[in-house]
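In what follows, a structure is listed as structure tokens, so that the remarks can point back to it.
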Amino acid sequence: MKRLLLLITIICSVISAKAQFGVGGGSAIVGKISGIVVDSITKKPLDYGTVSLFRSTGKSPITGVLTDDKGNFKLDNVHPGVYRLEITFVGYPTKIINNVETTLSKPDKGLGTVLAAQSAKALKEVTITGTAALVENRIDKIVYNAEKDLTSAGGNATDVLQKVPLVAVDLNGNVSLRGDQNVRVLINGKPSGATSASLSDVLKTIPADQIKTIEVITSPSAKYEAEGTGGIINIITKQKNMSGFSGAVSGGVGTRQNNGNINFNYSKNRFSLTINAGGNLTWPQVSNSTFNQTFLNNGSPVFANSRIGSTKIKRHGAIGSVTANYDINSYNSITSTVRLNQGGFNSGGGSAITATNYLDPTQSSATTGIATSHNTFGGFDWNMDYTHKFKKEGHELSISGQWSHSVITTDFMNTYSQQSTRNPNQRGDNNGTNNEYTAQADYVLPINKTFKLEAGGKGIFRKINSNADIFKTATFGAADSTSFILDPANSYLYKYDQYVTAGYAVLTINLPNKYTLMTGVRDENTSIKGEPSVVTPSFAPFSNSYNTFVPSFTIQKALTPTQTVKLTYSKRITRPSLTFLNPFLNASNPNSLQQGNPKLAPEVAQTVELNYNTFISSSVINFSVYYKHTGDLIESINQTIPNSAVTLTTFKNIGTNNSLGASFFGSINPVKPLTIRGSINGFTYNPKIDPAYASQQTRTGTTLSYNAFLSASLNLPSDFIMEFFAVENSKRYTLQGSNPSFSILGAGVRKQFMQKKMSLGINTLEPFTKYKHFDSNIASPTVIQNSTFAFPFRSVGLTFSYSFGKMNFNAPNPMEKKKGVNNDDLKQGDGGVGGGAGGGR
């Protein structure tokens, strides 16, 4: 109750600070500046050029946009005044248009056709500040313009994320940022109940053609939720705010997966509506696996398990959204979005042979097992945002609410040719439900040209139910292996509640000599409670609460108009979610058990980063060095249950880790039609282990991990475009072993028609290798495990896209983009909704 009162007090105090919702004195009229940019010789539109708006004598841009694929641009919410426009495009000098004036009587300014010349004569009055349109570096983030990504056409969000600077995606779709998997993934600045249920699966349902940009925030300020030690990745989908009706349809057909996406955009007067739907369907794919275990006694082998198997997997997914916006007047606006998602995958059609070998051959045995599973996830997110703008430019209050509902189901069946206490026939029906309610208020006050204050409050209330019903055959050797009865010892119903309340304040100061300072504080209180339906000594209720103080600091210096250096400090936390906390013993795989730890503390990471960014002609270079200290590091520990051939995996706060890292991103244009981009990030791992777990550590010393990306794109005559890319992710290390490395190679070519309204293309992934192999190694004092997983990656696909309709600039200006709900929450690696005991092995 105290946390709720605290939240209400914060929101009320924010509102009361400037609660005059009347328009007040002065003019409320704002307008727009629009035009179309074309090549002065060929008269072809210049797509994805950068248009920046300055005050007539200003040195810092007020706002900016990218031109669309037809060269159009529109700058909204422009107050009457005299401005300067700067247009930059790769290979062209900056185009400067001075004395662009809007007035109260004529707030809208149409510049018509703007000619961009390649002539060297233009360099006498301008400086070159062009940058590659694919990647932008801003004061607090890196922006990847996915619309320019050719080889991801017909793919999904995972395919796009693999090529974003500093981001890595492994085989299972787990996302990491500079090597840290504790990263928050948002959609349009908001969390999704779907991502908390199954992030990797949801990313596979979002068509690449639906993505506009991806924002990477490595050192979030205090205004962001403190969750996620690695940082924040924000996926922005395509939305249009112009007047009229337009739409697009796109998709792809390939040997590995098929994708489709369609969107409609309608805007008239103060109302706008966007509808988007897409999904994918993969062909059945057969993967192969091997697994070897050697059990030790005082370092000597006692017996071994080995398993060789294959599995056929078929995946499907769909996602859709409807967004409506209504501008009540120039000061008040309401936006509502409903996002639906549904997906899943089925596995089966294969078998695994498990052999147990003892030193005494008479005790050895072999059995054949067949495992099938049916996995689904789905739900919705509904949010409502209200924004009030005050008389002063940039002065605003936004209030947001969101309800996220998600359900994940995992049904499985394991049958064996020879049943035993270690290999019983087993069936599981597992269901998890997550309801998440969020209330948030944010207030922005530009005090003057030097100071800007941001403050707000937030409450997140999660209620999760996890239900696992496990069944077994009545007796070993039963003729009818489908005659299952409930196994109460391995079934459970679990309720888990989490409450987070927070308040923050951030101050931005523009200092002399082109320095900018941003400093802030945030305070978060977390309370969790777990309640099993049946209480046992090992499965008891638990509760915990903790408070986290989160400061942030950023100082940036503009060395020249094209060079900046930035120093940041940030503090982040990672709360363990239900899979890590649930004390129920998961025995769906009787040879490999798993159990959560309700006593886990959250990880706390503190990062100091020094960043340098420069534009050199049409090239960009971004370099960072950083130090990260992580306390209460959460890792899994694998050990043997005494006097058995069974392993148990648990989660512990194993100690601390001090990591040094460096990252580099560069983009160059050696010749005008060719753009080469590359990035690499490396970091160290050398944890200091708590004495209680030192006996379980088998890997020592400092290790280095890295992820790298290289791409090249070539614009050819007759509207042909070619692109090549390669990704390499090294192994990730733990105190007991390593996780697999990952690499991928791809290429594509596309031809555009009908003035770029339609395009056809062909893409390929891993053309020289059918299967990718992924090796994992775990070693404890009592057991050594090695596994290899082979998955088919080679694919060839055809892609297409077609745009229709017409948009114009005759409508009143829409309001500025709303802040909305932004939950950066929960440690990745589980379903968030529990999901029960999981599928069979």
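Here's how to read the names in the structure tokens: chain A, B, ... by the order shown, residue numbers from 1 in each chain, ligand numbers from 1 in the order shown.
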
* Asked: What are the DSSP strand (DSSP E) residues of region 459-541 of chain A, as number ranges by chain?
  -> A: 459-473, 484-486, 492-511, 515-532

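The residue set within 8 Å of region 461-467 of chain A, counting only C-alpha atoms and dropping same-chain residues fewer than 5 places from it, reads A:Asn430, A:Asn431, A:Gly432, A:Thr433, A:Asn434, A:Asn435, A:Glu436, A:Tyr437, A:Thr438, A:Ser491, A:Tyr492, A:Leu493, A:Tyr494, A:Lys495, A:Tyr496, A:Asp497, A:Gln498, A:Tyr499, A:Val500, A:Val833, A:Gly834, A:Gly835, A:Gly836.
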
* Structure fact -> As a check of understanding: the span from CA of Asn98 (chain A) to CA of Leu111 (chain A) is 11.7 Å

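The smallest atom-to-atom distance between Val167 (chain A) and any of A:Ser663, A:Gln594, A:Thr376, A:Asn589, using only C-alpha atoms, is found for A:Ser663.
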
* To do: Might you pull out every residue within 8 Å of Thr113 (chain A), with only C-alpha atoms counted and same-chain residues fewer than 4 positions away left off, and present them as number ranges by chain?
  => A: 35-38

Those selected residues, please, written with C-alpha atoms and delivered as a JSON list (two decimals), in the first residue's frame.
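Listed below is the output, out_22.json:
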```json
[["chain", "number", "residue", "atom", "x", "y", "z"],
["A", 35, "GLY", "CA", 9.41, 19.14, -49.93],
["A", 36, "ILE", "CA", 10.98, 16.54, -52.19],
["A", 37, "VAL", "CA", 14.74, 16.06, -52.71],
["A", 38, "VAL", "CA", 15.98, 14.94, -56.15]]
```

Selection near Arg699 (chain A), 12 Å with only C-alpha atoms, sequence-local residues under 4 positions removed, as a PDB file with N, CA, C and O atoms, in the first residue's frame:
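File written: around-v2.pdb
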```pdb
ATOM      1  N   TYR A 685      35.860 -11.901 -19.442  1.00  0.00           N
ATOM      2  CA  TYR A 685      35.079 -12.585 -18.417  1.00  0.00           C
ATOM      3  C   TYR A 685      36.058 -13.245 -17.462  1.00  0.00           C
ATOM      4  O   TYR A 685      36.863 -14.101 -17.856  1.00  0.00           O
ATOM      5  N   ASN A 686      36.022 -12.841 -16.210  1.00  0.00           N
ATOM      6  CA  ASN A 686      36.884 -13.431 -15.178  1.00  0.00           C
ATOM      7  C   ASN A 686      36.225 -13.211 -13.823  1.00  0.00           C
ATOM      8  O   ASN A 686      36.589 -12.310 -13.071  1.00  0.00           O
ATOM      9  N   PRO A 687      35.214 -14.026 -13.489  1.00  0.00           N
ATOM     10  CA  PRO A 687      34.461 -13.779 -12.254  1.00  0.00           C
ATOM     11  C   PRO A 687      35.262 -14.120 -10.998  1.00  0.00           C
ATOM     12  O   PRO A 687      36.116 -15.006 -10.992  1.00  0.00           O
ATOM     13  N   LYS A 688      34.953 -13.361  -9.944  1.00  0.00           N
ATOM     14  CA  LYS A 688      35.473 -13.671  -8.619  1.00  0.00           C
ATOM     15  C   LYS A 688      34.390 -14.451  -7.892  1.00  0.00           C
ATOM     16  O   LYS A 688      33.340 -13.903  -7.539  1.00  0.00           O
ATOM     17  N   ILE A 689      34.617 -15.748  -7.665  1.00  0.00           N
ATOM     18  CA  ILE A 689      33.582 -16.658  -7.205  1.00  0.00           C
ATOM     19  C   ILE A 689      33.442 -16.595  -5.683  1.00  0.00           C
ATOM     20  O   ILE A 689      34.436 -16.540  -4.944  1.00  0.00           O
ATOM     21  N   ALA A 694      33.003 -22.038  -4.880  1.00  0.00           N
ATOM     22  CA  ALA A 694      34.332 -22.218  -5.472  1.00  0.00           C
ATOM     23  C   ALA A 694      34.586 -23.676  -5.835  1.00  0.00           C
ATOM     24  O   ALA A 694      35.279 -23.972  -6.822  1.00  0.00           O
ATOM     25  N   SER A 695      34.030 -24.618  -5.066  1.00  0.00           N
ATOM     26  CA  SER A 695      34.271 -26.039  -5.342  1.00  0.00           C
ATOM     27  C   SER A 695      33.608 -26.488  -6.644  1.00  0.00           C
ATOM     28  O   SER A 695      33.986 -27.524  -7.209  1.00  0.00           O
ATOM     29  N   THR A 703      38.924 -14.910 -19.939  1.00  0.00           N
ATOM     30  CA  THR A 703      38.583 -15.284 -21.311  1.00  0.00           C
ATOM     31  C   THR A 703      38.095 -14.050 -22.062  1.00  0.00           C
ATOM     32  O   THR A 703      37.612 -13.086 -21.464  1.00  0.00           O
ATOM     33  N   TYR A 733      31.371 -17.733 -22.103  1.00  0.00           N
ATOM     34  CA  TYR A 733      31.927 -18.590 -21.060  1.00  0.00           C
ATOM     35  C   TYR A 733      31.173 -18.430 -19.741  1.00  0.00           C
ATOM     36  O   TYR A 733      30.622 -17.366 -19.438  1.00  0.00           O
ATOM     37  N   THR A 734      31.144 -19.507 -18.958  1.00  0.00           N
ATOM     38  CA  THR A 734      30.583 -19.530 -17.614  1.00  0.00           C
ATOM     39  C   THR A 734      31.599 -20.161 -16.681  1.00  0.00           C
ATOM     40  O   THR A 734      32.665 -20.622 -17.123  1.00  0.00           O
ATOM     41  N   LEU A 735      31.282 -20.213 -15.386  1.00  0.00           N
ATOM     42  CA  LEU A 735      32.239 -20.772 -14.447  1.00  0.00           C
ATOM     43  C   LEU A 735      32.420 -22.275 -14.644  1.00  0.00           C
ATOM     44  O   LEU A 735      33.389 -22.861 -14.161  1.00  0.00           O
ATOM     45  N   GLN A 736      31.500 -22.939 -15.402  1.00  0.00           N
ATOM     46  CA  GLN A 736      31.609 -24.379 -15.613  1.00  0.00           C
ATOM     47  C   GLN A 736      31.765 -24.773 -17.077  1.00  0.00           C
ATOM     48  O   GLN A 736      31.791 -25.960 -17.382  1.00  0.00           O
ATOM     49  N   GLY A 737      31.845 -23.835 -17.996  1.00  0.00           N
ATOM     50  CA  GLY A 737      31.976 -24.256 -19.380  1.00  0.00           C
ATOM     51  C   GLY A 737      31.777 -23.129 -20.361  1.00  0.00           C
ATOM     52  O   GLY A 737      32.126 -21.971 -20.097  1.00  0.00           O
ATOM     53  N   SER A 738      31.187 -23.470 -21.516  1.00  0.00           N
ATOM     54  CA  SER A 738      31.004 -22.482 -22.579  1.00  0.00           C
ATOM     55  C   SER A 738      29.748 -22.799 -23.371  1.00  0.00           C
ATOM     56  O   SER A 738      29.321 -23.952 -23.478  1.00  0.00           O
ATOM     57  N   ASN A 777      29.854 -27.135 -23.820  1.00  0.00           N
ATOM     58  CA  ASN A 777      30.661 -27.929 -22.887  1.00  0.00           C
ATOM     59  C   ASN A 777      30.391 -27.460 -21.464  1.00  0.00           C
ATOM     60  O   ASN A 777      30.410 -26.254 -21.187  1.00  0.00           O
ATOM     61  N   ILE A 778      30.121 -28.410 -20.581  1.00  0.00           N
ATOM     62  CA  ILE A 778      29.940 -28.130 -19.162  1.00  0.00           C
ATOM     63  C   ILE A 778      30.753 -29.154 -18.373  1.00  0.00           C
ATOM     64  O   ILE A 778      30.704 -30.356 -18.668  1.00  0.00           O
ATOM     65  N   ALA A 779      31.477 -28.681 -17.383  1.00  0.00           N
ATOM     66  CA  ALA A 779      32.278 -29.578 -16.545  1.00  0.00           C
ATOM     67  C   ALA A 779      32.135 -29.160 -15.098  1.00  0.00           C
ATOM     68  O   ALA A 779      32.335 -28.001 -14.754  1.00  0.00           O
ATOM     69  N   SER A 780      31.757 -30.126 -14.236  1.00  0.00           N
ATOM     70  CA  SER A 780      31.736 -29.925 -12.793  1.00  0.00           C
ATOM     71  C   SER A 780      32.651 -30.981 -12.174  1.00  0.00           C
ATOM     72  O   SER A 780      33.126 -31.877 -12.889  1.00  0.00           O
ATOM     73  N   PRO A 781      32.912 -30.929 -10.889  1.00  0.00           N
ATOM     74  CA  PRO A 781      33.786 -31.948 -10.279  1.00  0.00           C
ATOM     75  C   PRO A 781      33.250 -33.366 -10.397  1.00  0.00           C
ATOM     76  O   PRO A 781      34.021 -34.321 -10.263  1.00  0.00           O
TER      77      PRO A 781
END
```

* Distance CA of Ala558 (chain A)-CA of Gly49 (chain A), one decimal place? -> 22.7 Å

* When distances are computed from only C-alpha atoms, which of A:Val286, A:Ile654, A:Ile370, A:Val302 shows the smallest separation from Lys314 (chain A)? -> A:Val286

* Counting only C-alpha atoms, the option among A:Thr42, A:Thr311, A:Ser60, A:Thr67 closest to Pro561 (chain A) -> A:Ser60

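We find CA of Val160 (chain A) and CA of Gly661 (chain A) to be spaced 23.9 Å apart.
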
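Distances to Leu581 (chain A) were evaluated for A:Asn544, A:Gln697, A:Ser34, A:Gln418 using only C-alpha atoms, and the minimum falls at A:Asn544.
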
* To do: Fewer than 5 positions away in the same chain doesn't count, so skip those; otherwise give me all residues within 8 Å of Phe542 (chain A), counting only C-alpha atoms, as a ChimeraX atom specification.
  => /A:529-531,598

* To do: Excluding Phe553 (chain A) and any residue of its chain fewer than 4 positions from it, enumerate the residues within 6 Å of it, using only C-alpha atoms, and give them as a PyMOL selection string.
  => chain A and resi 518-519+568-569

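Shortest atom-to-atom contact with Thr564 (chain A) among A:Asn622, A:Thr57, A:Asn448, A:Thr218: A:Asn622, counting only C-alpha atoms.
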